[in-house]
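upload28.csv, holding CSV, C-alpha atoms:
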chain,number,residue,atom,x,y,z
A,1,MET,CA,103.8,-43.6,38.7
A,2,THR,CA,101.3,-42.6,41.4
A,3,ALA,CA,98.4,-43.5,39.2
A,4,SER,CA,100.0,-46.9,38.4
A,5,LEU,CA,100.5,-47.6,42.1
A,6,SER,CA,96.9,-46.6,42.9
A,7,LEU,CA,95.6,-49.0,40.2
A,8,ALA,CA,97.9,-51.8,41.5
A,9,THR,CA,96.6,-51.2,45.1
A,10,ALA,CA,93.0,-51.3,43.9
A,11,ASP,CA,93.7,-54.6,42.1
A,12,LEU,CA,95.2,-56.1,45.3
A,13,ASN,CA,92.2,-54.9,47.4
A,14,ALA,CA,89.8,-56.4,44.9
A,15,ALA,CA,91.7,-59.7,45.0
A,16,ALA,CA,91.7,-59.7,48.8
A,17,THR,CA,88.0,-59.1,48.8
A,18,GLN,CA,87.4,-62.0,46.5
A,19,GLU,CA,89.6,-64.3,48.6
A,20,THR,CA,87.6,-63.5,51.8
A,21,ALA,CA,84.2,-63.7,50.2
A,22,PRO,CA,81.8,-65.9,52.2
A,23,GLN,CA,82.0,-69.6,51.2
A,24,MET,CA,80.0,-72.6,52.3
A,25,THR,CA,81.4,-76.1,52.3
A,26,LEU,CA,78.8,-78.4,50.7
A,27,PRO,CA,78.5,-82.2,51.4
A,28,THR,CA,79.8,-84.4,48.7
A,29,PRO,CA,77.3,-86.4,46.6
A,30,GLN,CA,78.5,-89.5,48.4
A,31,ALA,CA,78.0,-88.0,51.8
A,32,LEU,CA,74.5,-86.8,51.0
A,33,LYS,CA,73.5,-90.2,49.6
A,34,ARG,CA,74.8,-91.9,52.7
A,35,GLN,CA,72.8,-89.5,54.8
A,36,CYS,CA,69.7,-90.0,52.7
A,37,PRO,CA,70.1,-93.4,51.0
A,38,LEU,CA,67.9,-94.7,48.2
A,39,GLY,CA,68.2,-98.4,49.1
A,40,THR,CA,67.8,-101.4,46.9
A,41,THR,CA,64.0,-101.5,46.9
A,42,LEU,CA,63.6,-97.8,45.9
A,43,SER,CA,66.5,-98.0,43.4
A,44,ASP,CA,64.7,-100.9,41.7
A,45,ARG,CA,61.5,-98.9,41.7
A,46,VAL,CA,63.2,-95.9,40.0
A,47,ASP,CA,64.7,-98.3,37.4
A,48,ALA,CA,61.2,-99.7,36.7
A,49,GLN,CA,59.7,-96.2,36.5
A,50,ARG,CA,62.4,-95.2,33.9
A,51,GLN,CA,61.7,-98.3,31.9
A,52,GLN,CA,58.0,-97.4,31.8
A,53,ILE,CA,58.7,-94.0,30.3
A,54,ARG,CA,61.2,-95.5,27.8
A,55,ASP,CA,58.5,-98.0,26.8
A,56,ILE,CA,56.2,-95.0,26.0
A,57,LEU,CA,58.9,-93.4,23.9
A,58,GLU,CA,59.6,-96.6,22.1
A,59,GLY,CA,55.9,-97.2,21.4
A,60,ARG,CA,55.6,-100.3,23.4
A,61,ASP,CA,53.3,-98.6,25.9
A,62,ASP,CA,50.5,-96.4,24.4
A,63,ARG,CA,49.7,-94.5,27.6
A,64,LEU,CA,49.9,-90.7,27.8
A,65,LEU,CA,52.9,-89.5,29.8
A,66,ALA,CA,51.9,-86.6,32.1
A,67,VAL,CA,54.5,-84.6,34.0
A,68,VAL,CA,52.5,-82.7,36.5
A,69,GLY,CA,53.2,-80.6,39.6
A,70,PRO,CA,54.2,-77.2,41.0
A,71,CYS,CA,56.2,-74.7,38.9
A,72,SER,CA,58.7,-74.9,41.7
A,73,ILE,CA,58.9,-76.4,45.2
A,74,HIS,CA,59.3,-73.9,48.0
A,75,ASP,CA,57.5,-75.7,50.8
A,76,PRO,CA,58.2,-79.5,51.2
A,77,ARG,CA,55.1,-79.9,53.4
A,78,SER,CA,52.7,-78.7,50.8
A,79,ALA,CA,54.6,-80.6,48.1
A,80,LEU,CA,54.1,-83.8,50.0
A,81,GLU,CA,50.4,-83.2,50.5
A,82,TYR,CA,50.2,-82.6,46.7
A,83,ALA,CA,52.3,-85.8,46.1
A,84,ARG,CA,49.9,-87.9,48.2
A,85,ARG,CA,46.9,-86.6,46.3
A,86,LEU,CA,48.7,-87.1,43.0
A,87,ALA,CA,49.7,-90.7,43.9
A,88,SER,CA,46.1,-91.6,44.6
A,89,LEU,CA,45.0,-90.1,41.3
A,90,ALA,CA,47.8,-91.7,39.4
A,91,ASP,CA,46.8,-95.1,40.7
A,92,SER,CA,43.2,-94.6,39.6
A,93,ILE,CA,44.2,-93.7,36.0
A,94,ARG,CA,47.3,-95.8,35.6
A,95,ASP,CA,45.8,-97.9,32.8
A,96,ARG,CA,45.7,-94.9,30.4
A,97,VAL,CA,48.0,-92.2,31.9
A,98,LEU,CA,51.5,-92.5,33.4
A,99,VAL,CA,51.8,-89.7,35.9
A,100,VAL,CA,55.2,-88.3,36.9
A,101,MET,CA,55.5,-85.5,39.5
A,102,ARG,CA,57.3,-82.3,38.8
A,103,VAL,CA,59.7,-81.7,41.7
A,104,TYR,CA,61.6,-78.6,40.5
A,105,VAL,CA,64.2,-77.5,43.1
A,106,GLU,CA,66.0,-75.2,40.7
A,107,LYS,CA,64.5,-72.3,38.8
A,108,PRO,CA,66.1,-70.4,35.9
A,109,ARG,CA,65.9,-66.6,36.2
A,110,THR,CA,65.8,-64.1,33.4
A,111,THR,CA,67.7,-61.7,35.5
A,112,VAL,CA,67.6,-62.2,39.3
A,113,GLY,CA,65.2,-63.8,41.8
A,114,TRP,CA,64.7,-66.8,44.0
A,115,LYS,CA,66.6,-69.7,42.5
A,116,GLY,CA,64.8,-72.6,44.1
A,117,LEU,CA,64.7,-74.9,47.1
A,118,ALA,CA,68.2,-76.3,46.5
A,119,TYR,CA,69.7,-72.8,46.6
A,120,ASP,CA,67.6,-70.9,49.2
A,121,PRO,CA,65.4,-73.3,51.2
A,122,ASP,CA,64.6,-70.6,53.8
A,123,LEU,CA,63.4,-68.1,51.2
A,124,ASP,CA,65.5,-65.4,52.9
A,125,GLY,CA,68.4,-64.9,50.5
A,126,LYS,CA,71.0,-66.5,52.8
A,127,GLY,CA,71.7,-69.3,50.4
A,128,ASP,CA,71.9,-72.3,52.7
A,129,MET,CA,72.7,-74.7,49.9
A,130,ALA,CA,73.8,-77.5,52.1
A,131,ARG,CA,70.4,-77.6,53.7
A,132,GLY,CA,68.7,-77.0,50.4
A,133,LEU,CA,70.4,-80.1,48.8
A,134,GLU,CA,69.5,-82.2,51.9
A,135,LEU,CA,65.8,-81.1,51.8
A,136,SER,CA,65.6,-81.6,48.0
A,137,ARG,CA,67.0,-85.2,48.2
A,138,GLN,CA,64.8,-86.1,51.2
A,139,LEU,CA,61.7,-84.8,49.5
A,140,MET,CA,62.3,-86.6,46.3
A,141,ARG,CA,63.0,-89.8,48.2
A,142,GLU,CA,59.7,-89.5,50.1
A,143,ILE,CA,57.8,-89.0,46.8
A,144,VAL,CA,59.5,-92.1,45.3
A,145,GLU,CA,58.3,-94.0,48.4
A,146,LEU,CA,54.8,-92.9,47.5
A,147,GLY,CA,55.2,-94.7,44.2
A,148,LEU,CA,55.4,-91.6,42.0
A,149,PRO,CA,58.1,-91.2,39.4
A,150,VAL,CA,60.1,-87.9,40.0
A,151,ALA,CA,60.8,-85.3,37.4
A,152,THR,CA,63.0,-82.2,37.7
A,153,GLU,CA,64.8,-79.6,35.5
A,154,ILE,CA,68.5,-79.7,35.9
A,155,LEU,CA,69.8,-76.2,35.6
A,156,GLN,CA,73.2,-76.6,37.2
A,157,PRO,CA,75.0,-79.7,36.0
A,158,MET,CA,77.0,-79.9,39.3
A,159,ILE,CA,73.7,-80.7,41.1
A,160,ALA,CA,73.1,-83.9,39.1
A,161,PRO,CA,75.3,-86.2,41.1
A,162,TYR,CA,73.3,-85.3,44.3
A,163,LEU,CA,69.9,-86.2,42.8
A,164,GLU,CA,70.1,-88.2,39.6
A,165,ASP,CA,69.6,-91.6,41.1
A,166,LEU,CA,66.1,-90.5,42.2
A,167,LEU,CA,65.0,-89.2,38.8
A,168,ALA,CA,62.9,-90.9,36.2
A,169,TRP,CA,62.5,-87.9,33.9
A,170,VAL,CA,64.6,-84.8,33.4
A,171,ALA,CA,63.9,-81.5,31.6
A,172,ILE,CA,66.6,-79.4,30.0
A,173,GLY,CA,65.1,-75.9,29.8
A,174,ALA,CA,64.6,-73.6,26.9
A,175,ARG,CA,67.6,-71.5,28.0
A,176,THR,CA,70.0,-74.4,28.4
A,177,THR,CA,69.0,-76.9,25.6
A,178,GLU,CA,71.7,-75.3,23.4
A,179,SER,CA,74.3,-75.7,26.2
A,180,GLN,CA,77.1,-78.2,25.5
A,181,LEU,CA,77.4,-78.8,29.2
A,182,HIS,CA,73.8,-79.9,29.5
A,183,ARG,CA,74.0,-82.1,26.5
A,184,GLU,CA,77.0,-83.8,27.8
A,185,MET,CA,75.3,-84.3,31.2
A,186,ALA,CA,72.2,-85.7,29.5
A,187,SER,CA,74.4,-88.2,27.7
A,188,GLY,CA,75.3,-89.9,30.9
A,189,ILE,CA,72.2,-90.0,33.1
A,190,GLY,CA,69.8,-92.9,33.4
A,191,ALA,CA,66.6,-90.8,33.3
A,192,VAL,CA,64.7,-90.0,30.2
A,193,VAL,CA,65.5,-86.5,29.1
A,194,GLY,CA,63.1,-83.9,27.5
A,195,PHE,CA,64.8,-81.0,25.6
A,196,LYS,CA,62.6,-77.9,25.3
A,197,ASN,CA,62.6,-75.8,22.2
A,198,ALA,CA,64.4,-72.4,22.5
A,199,THR,CA,62.6,-69.4,24.0
A,200,SER,CA,62.5,-68.1,20.4
A,201,GLY,CA,60.4,-71.1,19.4
A,202,ASP,CA,63.3,-72.7,17.5
A,203,VAL,CA,62.9,-76.5,17.6
A,204,GLN,CA,66.2,-77.2,15.8
A,205,VAL,CA,68.2,-76.6,18.9
A,206,ALA,CA,66.3,-79.4,20.7
A,207,LEU,CA,66.9,-81.8,17.7
A,208,ASP,CA,70.7,-80.9,17.9
A,209,ALA,CA,70.6,-81.6,21.6
A,210,MET,CA,69.0,-85.0,21.1
A,211,ARG,CA,71.7,-86.0,18.6
A,212,SER,CA,74.5,-84.8,20.9
A,213,ALA,CA,73.1,-86.5,24.0
A,214,ALA,CA,72.8,-89.8,22.1
A,215,HIS,CA,76.5,-89.9,21.5
A,216,PRO,CA,79.3,-90.8,24.0
A,217,HIS,CA,81.2,-87.9,25.6
A,218,GLN,CA,84.2,-87.2,27.7
A,219,HIS,CA,83.6,-84.2,29.9
A,220,PHE,CA,84.4,-82.4,33.2
A,221,ALA,CA,82.1,-83.5,36.1
A,222,VAL,CA,81.9,-83.7,39.9
A,223,GLY,CA,82.8,-87.1,41.3
A,224,GLU,CA,81.0,-88.9,44.1
A,225,GLN,CA,83.6,-87.7,46.6
A,226,GLY,CA,83.3,-84.1,45.4
A,227,GLN,CA,86.5,-84.1,43.3
A,228,PRO,CA,86.7,-82.9,39.7
A,229,VAL,CA,86.7,-85.9,37.3
A,230,MET,CA,86.8,-86.6,33.6
A,231,ARG,CA,83.5,-88.5,33.1
A,232,GLU,CA,83.0,-90.8,30.1
A,233,THR,CA,79.4,-91.4,29.0
A,234,ALA,CA,77.9,-94.0,26.8
A,235,GLY,CA,75.2,-91.7,25.3
A,236,ASN,CA,71.5,-91.5,26.1
A,237,PRO,CA,69.1,-92.7,23.4
A,238,TYR,CA,66.0,-91.9,25.5
A,239,THR,CA,65.4,-88.3,24.7
A,240,HIS,CA,62.6,-86.3,23.1
A,241,VAL,CA,61.5,-82.8,22.2
A,242,VAL,CA,59.3,-80.7,24.5
A,243,LEU,CA,57.2,-78.0,22.6
A,244,ARG,CA,56.7,-75.0,24.9
A,245,GLY,CA,56.0,-72.2,22.4
A,246,GLY,CA,58.2,-69.2,21.9
A,247,HIS,CA,58.1,-65.4,21.9
A,248,GLY,CA,54.5,-65.6,23.3
A,249,GLU,CA,53.3,-67.8,20.4
A,250,PRO,CA,52.1,-71.4,20.9
A,251,ASN,CA,53.4,-74.4,18.9
A,252,TYR,CA,51.1,-77.1,19.9
A,253,GLY,CA,48.6,-76.8,17.0
A,254,VAL,CA,48.3,-79.5,14.3
A,255,ASP,CA,50.5,-77.6,11.9
A,256,ALA,CA,53.3,-76.9,14.4
A,257,VAL,CA,53.2,-80.5,15.7
A,258,ALA,CA,53.4,-81.8,12.1
A,259,ALA,CA,56.4,-79.5,11.4
A,260,ALA,CA,58.2,-80.7,14.4
A,261,ARG,CA,57.5,-84.3,13.6
A,262,LYS,CA,58.7,-83.8,10.0
A,263,ALA,CA,61.9,-82.2,11.3
A,264,LEU,CA,62.6,-85.1,13.6
A,265,ILE,CA,62.1,-87.7,10.9
A,266,GLY,CA,64.2,-85.7,8.5
A,267,THR,CA,67.0,-85.6,11.0
A,268,GLY,CA,66.8,-89.4,11.5
A,269,LEU,CA,65.3,-89.0,15.0
A,270,PRO,CA,62.3,-90.8,16.3
A,271,PRO,CA,59.2,-88.5,16.3
A,272,ARG,CA,58.8,-88.2,20.1
A,273,LEU,CA,57.0,-85.0,21.2
A,274,MET,CA,55.7,-83.7,24.5
A,275,VAL,CA,53.7,-80.5,24.8
A,276,ASP,CA,54.3,-78.1,27.7
A,277,CYS,CA,50.8,-76.8,28.3
A,278,SER,CA,52.2,-73.7,30.1
A,279,HIS,CA,54.6,-70.9,29.1
A,280,ALA,CA,54.1,-69.5,25.6
A,281,ASN,CA,51.7,-72.3,24.7
A,282,ALA,CA,49.3,-70.9,27.3
A,283,ARG,CA,50.2,-67.3,26.4
A,284,LYS,CA,51.4,-66.8,30.0
A,285,ASP,CA,47.8,-67.5,31.3
A,286,HIS,CA,47.8,-70.6,33.5
A,287,ARG,CA,44.1,-71.1,33.0
A,288,ARG,CA,44.7,-71.8,29.3
A,289,GLN,CA,46.6,-74.9,30.1
A,290,SER,CA,43.3,-76.7,30.0
A,291,GLU,CA,42.8,-75.6,26.4
A,292,VAL,CA,46.2,-76.8,25.4
A,293,LEU,CA,45.8,-80.2,27.0
A,294,LEU,CA,42.4,-80.8,25.4
A,295,GLU,CA,43.9,-79.9,22.0
A,296,VAL,CA,46.8,-82.3,22.4
A,297,LEU,CA,44.3,-84.9,23.5
A,298,ALA,CA,42.2,-84.4,20.4
A,299,GLN,CA,45.3,-84.8,18.2
A,300,ARG,CA,46.1,-88.0,20.1
A,301,LEU,CA,42.6,-89.3,19.6
A,302,ALA,CA,42.8,-88.5,15.9
A,303,GLY,CA,45.7,-90.8,15.6
A,304,ASP,CA,48.9,-88.7,16.2
A,305,THR,CA,51.1,-91.2,18.0
A,306,SER,CA,54.0,-88.8,18.0
A,307,LEU,CA,52.5,-86.9,20.9
A,308,ILE,CA,53.6,-89.0,23.8
A,309,GLY,CA,53.1,-86.6,26.7
A,310,VAL,CA,52.1,-83.3,28.3
A,311,MET,CA,53.4,-81.1,31.1
A,312,LEU,CA,51.1,-79.2,33.5
A,313,GLU,CA,52.0,-76.6,36.1
A,314,SER,CA,49.7,-77.4,39.0
A,315,HIS,CA,49.6,-76.9,42.7
A,316,LEU,CA,47.2,-77.4,45.6
A,317,ASN,CA,45.7,-74.0,45.0
A,318,GLU,CA,45.4,-71.9,41.9
A,319,GLY,CA,47.5,-68.9,41.0
A,320,LYS,CA,50.8,-67.5,42.3
A,321,GLN,CA,51.9,-65.2,45.1
A,322,PRO,CA,54.7,-62.8,45.8
A,323,LEU,CA,57.6,-64.2,47.8
A,324,GLU,CA,57.0,-62.6,51.2
A,325,PRO,CA,58.3,-64.9,54.0
A,326,GLY,CA,55.8,-65.0,56.9
A,327,LYS,CA,52.9,-64.0,54.6
A,328,LEU,CA,52.8,-67.0,52.3
A,329,ARG,CA,49.6,-68.8,51.5
A,330,TYR,CA,49.8,-72.6,51.8
A,331,GLY,CA,50.0,-74.5,48.5
A,332,VAL,CA,50.3,-71.5,46.2
A,333,SER,CA,53.2,-71.1,43.8
A,334,VAL,CA,55.8,-68.4,44.3
A,335,THR,CA,57.0,-68.6,40.7
A,336,ASP,CA,54.7,-69.2,37.7
A,337,ALA,CA,51.0,-69.3,38.3
A,338,CYS,CA,49.6,-72.9,38.5
A,339,ILE,CA,46.2,-74.5,38.0
A,340,GLY,CA,44.6,-75.8,41.2
A,341,TRP,CA,44.1,-79.3,42.4
A,342,GLU,CA,40.5,-79.7,41.3
A,343,THR,CA,41.3,-78.6,37.8
A,344,THR,CA,44.3,-81.0,37.7
A,345,GLU,CA,42.2,-83.9,38.9
A,346,HIS,CA,39.5,-83.1,36.4
A,347,LEU,CA,41.8,-82.8,33.4
A,348,LEU,CA,43.8,-86.0,34.1
A,349,SER,CA,40.7,-88.0,34.8
A,350,LEU,CA,39.1,-86.7,31.6
A,351,ALA,CA,42.2,-87.6,29.6
A,352,ALA,CA,42.2,-91.1,31.0
A,353,GLU,CA,38.5,-91.5,30.3
A,354,ARG,CA,38.7,-90.3,26.7
A,355,LEU,CA,41.8,-92.5,26.0
A,356,ALA,CA,40.0,-95.5,27.5
A,357,GLN,CA,37.1,-94.9,25.2
A,358,GLN,CA,39.4,-95.0,22.2
A,359,GLY,CA,40.5,-98.5,23.2

Would you mind writing the file out in structure tokens?
Amino acid sequence: MTASLSLATADLNAAATQETAPQMTLPTPQALKRQCPLGTTLSDRVDAQRQQIRDILEGRDDRLLAVVGPCSIHDPRSALEYARRLASLADSIRDRVLVVMRVYVEKPRTTVGWKGLAYDPDLDGKGDMARGLELSRQLMREIVELGLPVATEILQPMIAPYLEDLLAWVAIGARTTESQLHREMASGIGAVVGFKNATSGDVQVALDAMRSAAHPHQHFAVGEQGQPVMRETAGNPYTHVVLRGGHGEPNYGVDAVAAARKALIGTGLPPRLMVDCSHANARKDHRRQSEVLLEVLAQRLAGDTSLIGVMLESHLNEGKQPLEPGKLRYGVSVTDACIGWETTEHLLSLAAERLAQQG
């Protein structure tokens, strides 16, 4: 009897601890949008940017789609400097390359670690998500004002209502492509969606995700006023596969691309492929992103129209650094290592030049 009472008391104490755990009230999506509105002009711009990417997917536009930017955003100031440089470069090569900026404010973690600007904007573990959401939306809006389309990876479906009106392109990561929640979310957003192959290298999960996202769904979601809602989606036909390698092995070579293309066609899906030049494709060496891009470019120039785009992890300065507040170097990644600005500018300019020569 005594043991039973002790266990019951422990359960009550645990429940009480859970009830009094710290909580932060977050703004509703509607409130944040009112605080940082997109406006008609910028909303029309995002619509036009989305249409340009759709035209590339549909073959009406033969430009190369390049999703480029920091592995993650931890410092809005350096991100804006990068965006200004990228906007200028994007304008100079716009005839052959459509540049979209990576603005990743969420980061998936294998175990634990810093989860991104939206979760921990002060890099101190306090988790001021209200401020993180505000900073994320403000930053994306300023980048759209510069004329750049914005891309991000949506890791937590509940964050989508806060940011989706700003997004031209969305990634669903290797760890979440198989998730039903993410497939349902993708079916209802206006942005183009790229599904990455699994961390194992399996491409089939991305194909399954494309088929799922193309269909209507009814699913739980967060409404504009923060309430739980049943959302009904029409389906999103503008999706594609992102090849990122798996288990340390690349999958951007001619044979791997041909196999992915064959699988898409065999499933009745349009052969739309983007290559992530980082991660396993670069064998975890950021400098090898150059090799990957040049190989993809060579396949494009040889006539492979299924390769519609590339992804590059790039920042103002090369490499990465440990997350030590007060000791951070400006414009250097705190997550995956990135190529520096000079290399980025050279690679994208070279791609535009070679594609222009092809005619």

Per-residue nearest contacts of region 244-332 of chain A to region 118-135 of chain A (9 Å; all atoms listed in the file) as JSON lines:
{"residue": "A:Leu323", "atom": "CA", "partner": "A:Leu123", "partner_atom": "CA", "distance": 7.8}
{"residue": "A:Glu324", "atom": "CA", "partner": "A:Leu123", "partner_atom": "CA", "distance": 8.4}
{"residue": "A:Pro325", "atom": "CA", "partner": "A:Leu123", "partner_atom": "CA", "distance": 6.6}

Length of the CA of Arg50 (chain A) to CA of Leu273 (chain A) vector [Å]: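 Separating CA of Arg50 (chain A) from CA of Leu273 (chain A) is a distance of 17.2 Å.
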
Using all atoms listed in the file, what table do you get, as a Markdown table, when you list each residue of region 64-118 of chain A with an atom no more than 12 Å from region 174-185 of chain A, its nearest pair of atoms, and their distance in Å rounded to one decimal, rows by chain then rising number?
| residue | atom | partner | partner_atom | distance |
| --- | --- | --- | --- | --- |
| A:Lys107 | CA | A:Arg175 | CA | 11.3 |
| A:Pro108 | CA | A:Arg175 | CA | 8.1 |
| A:Arg109 | CA | A:Arg175 | CA | 9.7 |
| A:Thr110 | CA | A:Arg175 | CA | 9.3 |

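Here CA of Glu81 (chain A) is placed at a distance of 8.9 Å from CA of Gly331 (chain A).
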
Mind giving me the straight-line distance from CA of Pro27 (chain A) to CA of Ala160 (chain A) in Å, one decimal?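 Straight-line distance from CA of Pro27 (chain A) to CA of Ala160 (chain A) works out to 13.5 Å.
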
Out of A:Met158, A:Asn236, A:Asn317, A:Lys33, which residue has the shortest atom-to-atom distance to Gly223 (chain A) when counting all atoms listed in the file? A:Met158

Just the residues within 9 Å of Leu42 (chain A), please, counting all atoms listed in the file, with nothing from its chain fewer than 5 positions along; format it as a PyMOL selection string. chain A and resi 47+141+144-145+166

Which residue of A:Leu148, A:Ala209, A:Leu139, A:Ala221 approaches Ala66 (chain A) most closely, using all atoms listed in the file: A:Leu148

For Asp285 (chain A), which of A:Leu297, A:Ala337, A:Asp44, A:Gln321 is the closest residue, counting only C-alpha atoms? A:Ala337

Shortest interatomic distance to Leu307 (chain A) - which of A:Arg63, A:Glu224, A:Ser92, A:Gln51, counting only C-alpha atoms: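 Of all the options, A:Arg63 lies closest to Leu307 (chain A).
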
Which protein, DNA or RNA residues have an atom at most 8 Å from (59.7, -84.6, 38.3), counting all atoms listed in the file? List them as number ranges by chain. A: 67-69, 100-104, 149-153, 167-170

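You can rank A:Ser212, A:Ser136, A:Ser333, A:Thr343 by their closest distance to Leu163 (chain A) using all atoms listed in the file, and at the top of that list sits A:Ser136.
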
Do a neighbour search on Met274 (chain A) at 9 Å with all atoms listed in the file, toss out local chain neighbours closer than 3 positions, and write the hits as a PyMOL selection string. chain A and resi 65-66+194+240-244+306-311

Just want the 9 Å neighbourhood of Asp165 (chain A), counted on only C-alpha atoms, with same-chain residues fewer than 5 positions away dropped. Output as an NGL selection string. :A and (38 or 43 or 46 or 160 or 189-191)

Which of A:Ile143, A:Ala79, A:Leu347, A:Val334 sits closest to Trp114 (chain A) [using only C-alpha atoms]: A:Val334

Excluding Lys284 (chain A) and residues on its chain fewer than 4 positions from it, collect all residues at most 9 Å away from it, counting only C-alpha atoms, and give them as a ChimeraX atom specification. /A:248,278-280,288,336-337

Need to verify the contact set: Ala351 (chain A), 9 Å, all atoms listed in the file, exclusion of same-chain residues closer than 6 positions in sequence. Can you return it as a ChimeraX atom specification? /A:64,96-97,293-294,297

Once you have the residues from the selection above, write them out as a short mmCIF file (atom, residue, chain, number, x, y, z; two decimals), in the frame of the given file, restricted to C-alpha atoms.
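Result file follows (again05.cif):
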data_model
loop_
_atom_site.label_atom_id
_atom_site.label_comp_id
_atom_site.auth_asym_id
_atom_site.auth_seq_id
_atom_site.Cartn_x
_atom_site.Cartn_y
_atom_site.Cartn_z
CA LEU A 64 49.90 -90.70 27.80
CA ARG A 96 45.70 -94.90 30.40
CA VAL A 97 48.00 -92.20 31.90
CA LEU A 293 45.80 -80.20 27.00
CA LEU A 294 42.40 -80.80 25.40
CA LEU A 297 44.30 -84.90 23.50
#

Please identify all polymer residues lying at most 9 Å from the point (77.4, -86.8, 48.4) (file coordinates), using all atoms listed in the file, and present the result as a ChimeraX atom specification. /A:26-35,161-162,223-226
